[in-house]
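Peer 1: This is the structure, below, for whatever I ask next.
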Amino acid sequence: MNSIGSANADSSNGNFAAVVATVLICIGCIAAPLALGGTHPLAIAGLNAGMAIVTCFWAAFLRPNRLQLAIPLLFFVGALLQLMPLPDGLLVSLAPISAGAWKVAHEGAPDAWGRISIDPAETAAAARHGLLAMGTVATVYGLSLRSKYRNWIIAAMALSGVVIWTLGLIFPVRPNSFLLLGFVSFRGPLMPGRTPLEPPYATAAFGFPDPVQILGRQYLADSWIVGDGFGPYLITNHFAGALTLTIPMLAAAWLSVSRDRLPAWLRGGVAGVIFACAFATLAVLVQSRAGTASFLLATLTFGCFVARAGAWRTIMATATLAYVAVVIGFIIVLFGPFHGVDKLFPARFQPAIGALLSDGRVVASHVAERMFLASPILGTGLGTYGDLYPRMVGDDSPWYFAHNEYAQLLAETGFAGLIFLGVFCFLLVRSATGFWRNAANQDRILGAAAWGALAGILMHSFFDWNLRVPANAFLACATTGLALAAGSKRSQQRERPGHADAGRSALAATFILVVLATAVFQARDSASDFVQRRLREAVTSARLHAADPKSASPEQSLESAIAAGERMTKWDPGNAQLVATLGQAYLHLAAMPMPMDDVDSALRSADARFQTARRNCAASRGIAEPQP
């Protein structure tokens, strides 16, 4: 009787955990895109907390197997290895670029040890995001093995697509209006279309360095291009990525709900209209080239997987494979080491092709390839592409993302990342093959939607950074879990509680502890981001006051932001960007009318913060140097 009661309790706890996890995932799918693509600080904090909760529930109550628990942990441990201090000789052999950067940061000290990551704080944050992302994929996979929870998640993604699409049609951003959703301004405080206030992922992620001269010193303030905006997204390409991830779910939900209620021709016709209207939105209104091409692949893949055996399935499979072949050829020409390939085309096409090959996105991918070749074993550290880009191109222009997820992964993780990517692709191919062969008719439509959306976003990732946008990254995690579950042989079976397994239980407990610790650090990161925003606002106010002395004095805001920054550095001492911005605030405070002793104290504090920033990051931005 006791064993029966225990089993019933475990089942009850598992069902409760599954319901809570599914509800949180559904809320994230719908709510995150509304918060400016999830870039609002509160949205990021909420997403992080939600992902931590659902992954802990998954590990504690839904009985994942050892491999599902081990893969995220192995990724996390591998990323943390990039943070280990190493002697110069070993570091030179593993990561030559990092070794040189740390030697400069340490001013050539022979006994100073460096790290593979040139920006340990950024790498640690990226590792935490990666752990929760992989945990979310595994959680959605486990939940989607039960049709009830799978249907909830697909319905939430379908509703999310409707909301995103509708907001885009209602609030298309007009050129140079810098107004999102009719009331959110992203104009920029110093110059229209550029902002030093927002973090790069809340902008177009590339910009210009503004030299700021003060008290005989000079530092570079990155001024980011604000983006074009569409609907609730700051970047049109990210709006396109959101539609690619959600519109197939909307079509699948329609086909499933209308089954046995409407004629097949009407159901299929409405689904076709949904895809056609979304395609027209992306091609005509949004004008996202990569987004439109990726959505077309999502549409073809959906049609290919949803088709039953016969001539129509053969036609769709042939069309999809032909399109994939064309895309692969285009990617090889665009990103491959082919110079002068535009000369192979007729003269009237050469200017357009030459402009495409010299596009900033293509150049950014080539820079990532050079980083990989220069440090091929373990890369330069997760999240460090933006730190190294200016050095690789020989100027100070900031470019935070490579606009090619695969090239950036190789640059930051080397062959280790390539192996991980290969394993991921193998799992996807194996699961897609299983779905193609074995999915039952009643589940084929829903599974096809997940595979179509996943194919589209994987293609789009060659040309943009959707997976760095919080809302789209979350939607992509949910899509991946749905697709893997659709291709699982257990997708038609009810998940049964596993037998007691001490090894699995220990691994699950370890996973939960790591996730909880990650959640604590991410809460600290959110607070640190808020404080950095205050510091940037105070520094920007000081710059405006320097240009127009009649404007309000920034002294009080500087002092308040500095006090918050000093408190935050005690909790986040390794954050080089926080410390460097704090140093800038001290430098501007020293320029305010005050006694000479206070000026000297502020200058000493600024110098100390800049020195700390150098030690914390081998390529720290915004450090003041003596003015030439």
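Ordering of the structure tokens sets the chain letters (A, B, ...); residue numbers start at 1 within each chain; ligands are numbered from 1 in the order shown.
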With only C-alpha atoms as the counted atoms, please give the residues lying no more than 12 Å from stretch 81-89 of chain A, apart from itself and same-chain residues fewer than 3 positions off, as a CSV table (one decimal) with C-alpha atoms, in the first residue's frame.
Peer 2:
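Okay, this is what ended up in part23.csv:
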```
chain,number,residue,atom,x,y,z
A,74,LEU,CA,28.5,19.1,-20.5
A,75,PHE,CA,27.9,22.3,-22.5
A,76,PHE,CA,28.0,24.4,-19.4
A,77,VAL,CA,31.2,22.8,-18.1
A,78,GLY,CA,32.8,23.2,-21.5
A,92,VAL,CA,49.4,30.5,-26.8
A,93,SER,CA,49.0,27.0,-28.1
A,94,LEU,CA,45.3,26.8,-27.3
A,95,ALA,CA,44.1,30.3,-28.2
A,96,PRO,CA,46.8,32.6,-29.7
A,97,ILE,CA,44.5,35.6,-30.1
A,98,SER,CA,43.4,35.4,-26.4
A,99,ALA,CA,47.0,35.1,-25.3
A,100,GLY,CA,48.1,38.2,-27.2
A,101,ALA,CA,45.1,40.2,-25.9
A,102,TRP,CA,45.7,39.2,-22.3
A,103,LYS,CA,49.4,40.1,-22.6
A,106,HIS,CA,48.4,42.8,-18.4
A,108,GLY,CA,53.3,42.4,-20.7
A,109,ALA,CA,53.7,41.0,-17.2
A,110,PRO,CA,55.6,37.7,-17.8
A,111,ASP,CA,54.0,35.9,-14.9
A,112,ALA,CA,50.4,36.9,-15.6
A,113,TRP,CA,48.0,34.2,-16.5
A,114,GLY,CA,45.2,34.7,-19.1
A,115,ARG,CA,42.1,32.8,-20.1
A,116,ILE,CA,40.8,31.4,-23.3
A,117,SER,CA,37.9,33.9,-23.1
A,118,ILE,CA,39.0,37.5,-23.5
A,119,ASP,CA,35.8,38.6,-21.7
A,120,PRO,CA,35.1,36.1,-18.8
A,121,ALA,CA,32.0,37.9,-17.6
A,122,GLU,CA,30.4,37.8,-21.0
A,123,THR,CA,31.4,34.2,-21.5
A,124,ALA,CA,29.9,33.2,-18.1
A,125,ALA,CA,26.7,35.0,-19.0
A,126,ALA,CA,26.5,33.3,-22.4
A,127,ALA,CA,27.1,29.9,-20.7
A,377,ILE,CA,40.9,24.7,-31.0
A,378,LEU,CA,38.7,26.4,-28.4
A,379,GLY,CA,37.9,29.8,-29.9
A,380,THR,CA,38.1,33.1,-28.0
A,381,GLY,CA,35.2,32.5,-25.6
A,382,LEU,CA,31.4,32.5,-25.8
A,383,GLY,CA,30.0,36.0,-26.4
A,384,THR,CA,33.4,37.6,-27.3
A,412,GLU,CA,34.0,31.8,-30.1
A,413,THR,CA,34.3,28.0,-29.5
A,414,GLY,CA,36.5,26.6,-32.2
A,416,ALA,CA,34.8,22.2,-29.7
A,417,GLY,CA,31.8,24.2,-30.9
A,574,GLY,CA,34.2,40.9,-12.8
A,616,ASN,CA,38.7,41.9,-16.2
A,617,CYS,CA,38.6,41.9,-20.0
```
Peer 1: Give me, as number ranges by chain, the residues of stretch 195-358 of chain A that a backbone DSSP run labels alpha helix (DSSP H).
Peer 2: A: 236-257, 264-280, 289-306, 311-335, 350-357
Peer 1: Mind checking which residues fall within 8 Å of A:Ile247, counting only C-alpha atoms, ignoring those fewer than 5 positions away in the same chain, and posting them as a list in words?
Peer 2: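 The neighbour list is Ala158, Gly161, Val162, Ile274, Phe275, Ala278 and Ala453 of chain A.
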Peer 1: So, with only C-alpha atoms as the atoms that count, which of A:Ala619, A:Tyr385, A:Asp396, A:Thr612 lies closest to A:Leu220?
Peer 2: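 Smallest separation from A:Leu220 among the options: A:Asp396.
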Peer 1: Near A:Gly272, counting only C-alpha atoms, which residues have an atom at most 9 Å away, once you skip same-chain residues fewer than 5 positions from it, shown as a list in words?
Peer 2: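 Here the qualifying residues turn out to be Ala251, Arg267 and Cys277 of chain A.
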Peer 1: For A:Gly565, which residue among A:Arg534, A:Arg313, A:Arg391, A:Arg524 is the nearest when counting only C-alpha atoms?
Peer 2: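 Under the stated criterion, the closest residue is A:Arg534.
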Peer 1: Would you mind listing what lies within 9 Å of stretch 299-307 of chain A as an MDAnalysis selection string, with only C-alpha atoms counted and same-chain residues fewer than 6 positions away left out?
Peer 2: chainID A and resid 244 248 275 313:320 323 435:436 441 444:453 455:456
Peer 1: Find the residues around A:Arg437 up to 12 Å (only C-alpha atoms counted), leave out those fewer than 3 positions away in its own chain, and share them as a list in words.
Peer 2: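 Selected residues are Phe305, Val306, Ala307, Arg308, Ala309, Arg430, Ser431, Ala432, Thr433, Gly434, Ala440, Asn441, Arg444, Ala486, Gly487, Ser488 and Lys489 of chain A.
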Peer 1: Store the residues picked out above in a file with N, CA and C atoms, as a PDB file, in the first residue's frame.
Peer 2:
```pdb
ATOM      1  N   PHE A 305       6.524  17.766 -45.193  1.00  0.00           N
ATOM      2  CA  PHE A 305       6.304  16.835 -44.086  1.00  0.00           C
ATOM      3  C   PHE A 305       4.835  16.513 -43.864  1.00  0.00           C
ATOM      4  N   VAL A 306       3.945  17.447 -44.212  1.00  0.00           N
ATOM      5  CA  VAL A 306       2.539  17.210 -43.950  1.00  0.00           C
ATOM      6  C   VAL A 306       1.898  16.338 -45.025  1.00  0.00           C
ATOM      7  N   ALA A 307       2.537  16.260 -46.198  1.00  0.00           N
ATOM      8  CA  ALA A 307       1.958  15.498 -47.304  1.00  0.00           C
ATOM      9  C   ALA A 307       2.004  13.998 -47.020  1.00  0.00           C
ATOM     10  N   ARG A 308       0.944  13.318 -47.392  1.00  0.00           N
ATOM     11  CA  ARG A 308       0.911  11.862 -47.261  1.00  0.00           C
ATOM     12  C   ARG A 308       1.639  11.226 -48.435  1.00  0.00           C
ATOM     13  N   ALA A 309       1.913   9.946 -48.315  1.00  0.00           N
ATOM     14  CA  ALA A 309       2.643   9.234 -49.372  1.00  0.00           C
ATOM     15  C   ALA A 309       1.886   9.347 -50.684  1.00  0.00           C
ATOM     16  N   ARG A 430      18.413  12.683 -37.431  1.00  0.00           N
ATOM     17  CA  ARG A 430      17.853  11.398 -37.024  1.00  0.00           C
ATOM     18  C   ARG A 430      16.388  11.546 -36.633  1.00  0.00           C
ATOM     19  N   SER A 431      16.065  12.608 -35.909  1.00  0.00           N
ATOM     20  CA  SER A 431      14.690  12.805 -35.487  1.00  0.00           C
ATOM     21  C   SER A 431      13.795  13.146 -36.667  1.00  0.00           C
ATOM     22  N   ALA A 432      14.286  13.968 -37.595  1.00  0.00           N
ATOM     23  CA  ALA A 432      13.490  14.320 -38.771  1.00  0.00           C
ATOM     24  C   ALA A 432      13.229  13.102 -39.636  1.00  0.00           C
ATOM     25  N   THR A 433      14.235  12.247 -39.748  1.00  0.00           N
ATOM     26  CA  THR A 433      14.054  11.019 -40.523  1.00  0.00           C
ATOM     27  C   THR A 433      13.005  10.122 -39.881  1.00  0.00           C
ATOM     28  N   GLY A 434      13.056  10.023 -38.550  1.00  0.00           N
ATOM     29  CA  GLY A 434      12.056   9.218 -37.846  1.00  0.00           C
ATOM     30  C   GLY A 434      10.657   9.773 -38.024  1.00  0.00           C
ATOM     31  N   ALA A 440       2.232   9.331 -37.181  1.00  0.00           N
ATOM     32  CA  ALA A 440       0.848   8.990 -37.515  1.00  0.00           C
ATOM     33  C   ALA A 440       0.176  10.183 -38.185  1.00  0.00           C
ATOM     34  N   ASN A 441      -0.856   9.903 -38.965  1.00  0.00           N
ATOM     35  CA  ASN A 441      -1.511  10.960 -39.722  1.00  0.00           C
ATOM     36  C   ASN A 441      -2.058  12.070 -38.832  1.00  0.00           C
ATOM     37  N   ARG A 444       0.857  14.239 -37.798  1.00  0.00           N
ATOM     38  CA  ARG A 444       1.780  14.702 -38.830  1.00  0.00           C
ATOM     39  C   ARG A 444       1.683  16.213 -39.027  1.00  0.00           C
ATOM     40  N   ALA A 486       8.281  15.306 -31.939  1.00  0.00           N
ATOM     41  CA  ALA A 486       7.502  14.782 -33.069  1.00  0.00           C
ATOM     42  C   ALA A 486       8.233  13.654 -33.773  1.00  0.00           C
ATOM     43  N   GLY A 487       9.561  13.695 -33.749  1.00  0.00           N
ATOM     44  CA  GLY A 487      10.336  12.645 -34.397  1.00  0.00           C
ATOM     45  C   GLY A 487      10.703  11.490 -33.487  1.00  0.00           C
ATOM     46  N   SER A 488      10.254  11.547 -32.223  1.00  0.00           N
ATOM     47  CA  SER A 488      10.574  10.485 -31.279  1.00  0.00           C
ATOM     48  C   SER A 488       9.633   9.307 -31.469  1.00  0.00           C
ATOM     49  N   LYS A 489      10.148   8.114 -31.339  1.00  0.00           N
ATOM     50  CA  LYS A 489       9.312   6.914 -31.424  1.00  0.00           C
ATOM     51  C   LYS A 489       8.334   6.829 -30.269  1.00  0.00           C
TER      52      LYS A 489
END
```
Peer 1: Separation of atom CA of A:Val367 and atom CA of A:Val104, in Å?
Peer 2: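 Interatomic distance, atom CA of A:Val367 to atom CA of A:Val104: 21.1 Å.
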Peer 1: Taking the DSSP assignment computed from this structure's backbone, write out as a list in words all residues of stretch 95-270 of chain A that belong to strand (DSSP E).
Peer 2: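 Selecting the strand (DSSP E) positions of stretch 95-270 of chain A gives Leu179, Leu180, Val184, Ser185, Arg194, Thr195, Gly207, Phe208, Pro209, Asp210, Pro211, Val212, Gln213, Ile214, Arg217, Gln218, Tyr219, Leu220, Ala221, Asp222, Ser223, Trp224 and Ile225 of chain A.
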Peer 1: Would you export the selected residues with C-alpha atoms as an mmCIF file, in the first residue's frame, please?
Peer 2:
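So the final result, stored in selection_39.cif, reads:
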```
data_model
loop_
_atom_site.group_PDB
_atom_site.id
_atom_site.type_symbol
_atom_site.label_atom_id
_atom_site.label_comp_id
_atom_site.auth_asym_id
_atom_site.auth_seq_id
_atom_site.Cartn_x
_atom_site.Cartn_y
_atom_site.Cartn_z
ATOM 1 C CA LEU A 179 8.410 55.036 -32.940
ATOM 2 C CA LEU A 180 7.501 51.472 -32.037
ATOM 3 C CA VAL A 184 7.837 53.603 -27.754
ATOM 4 C CA SER A 185 10.506 55.993 -29.026
ATOM 5 C CA ARG A 194 21.876 56.275 -32.891
ATOM 6 C CA THR A 195 21.938 55.613 -29.166
ATOM 7 C CA GLY A 207 27.320 51.396 -34.851
ATOM 8 C CA PHE A 208 30.016 54.032 -34.603
ATOM 9 C CA PRO A 209 32.562 54.997 -31.942
ATOM 10 C CA ASP A 210 32.091 58.519 -30.641
ATOM 11 C CA PRO A 211 35.353 59.919 -29.199
ATOM 12 C CA VAL A 212 34.645 61.787 -25.972
ATOM 13 C CA GLN A 213 37.355 64.219 -24.859
ATOM 14 C CA ILE A 214 37.395 65.354 -21.260
ATOM 15 C CA ARG A 217 41.665 62.253 -21.748
ATOM 16 C CA GLN A 218 39.654 60.492 -24.388
ATOM 17 C CA TYR A 219 37.456 57.414 -24.458
ATOM 18 C CA LEU A 220 35.244 55.862 -27.117
ATOM 19 C CA ALA A 221 31.502 55.771 -26.477
ATOM 20 C CA ASP A 222 29.802 53.239 -28.731
ATOM 21 C CA SER A 223 26.771 54.732 -30.434
ATOM 22 C CA TRP A 224 24.583 51.938 -31.779
ATOM 23 C CA ILE A 225 22.307 52.155 -34.813
#
```
Peer 1: Quick one: everything within 8 Å of stretch 363-366 of chain A, counting only C-alpha atoms, minus sequence neighbours fewer than 2 positions away in the same chain. Send it as a list in words.
Peer 2: Phe335, Ser358, Asp359, Gly360, Arg361, Ala368, Glu369, Arg370, Trp399, Phe401, Ala402, His403, Asn404, Ala407 and Gln408 of chain A
Peer 1: Give me, please, the distance in Å between atom CA of A:Ala613 and atom CA of A:Gln584, quoted to one decimal.
Peer 2: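 Interatomic distance, atom CA of A:Ala613 to atom CA of A:Gln584: 11.4 Å.
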Peer 1: Have a look at atom CA of A:Ala527 and atom CA of A:Pro33 and let me know their distance in Å, one decimal.
Peer 2: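 Between these atoms lies a distance of 21.3 Å.
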Peer 1: Kindly indicate which residue among A:Gly310, A:Ala70, A:Ala483, A:Leu24 lies nearest to A:Leu245, using only C-alpha atoms for the distances.
Peer 2: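 Smallest distance to A:Leu245 is found for A:Ala483.
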Peer 1: For A:Thr203, which residue among A:Met392, A:Val469, A:Ala374, A:Ala43 is the nearest when counting only C-alpha atoms?
Peer 2: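 Answer, going by the shortest atom-to-atom distance: A:Val469.
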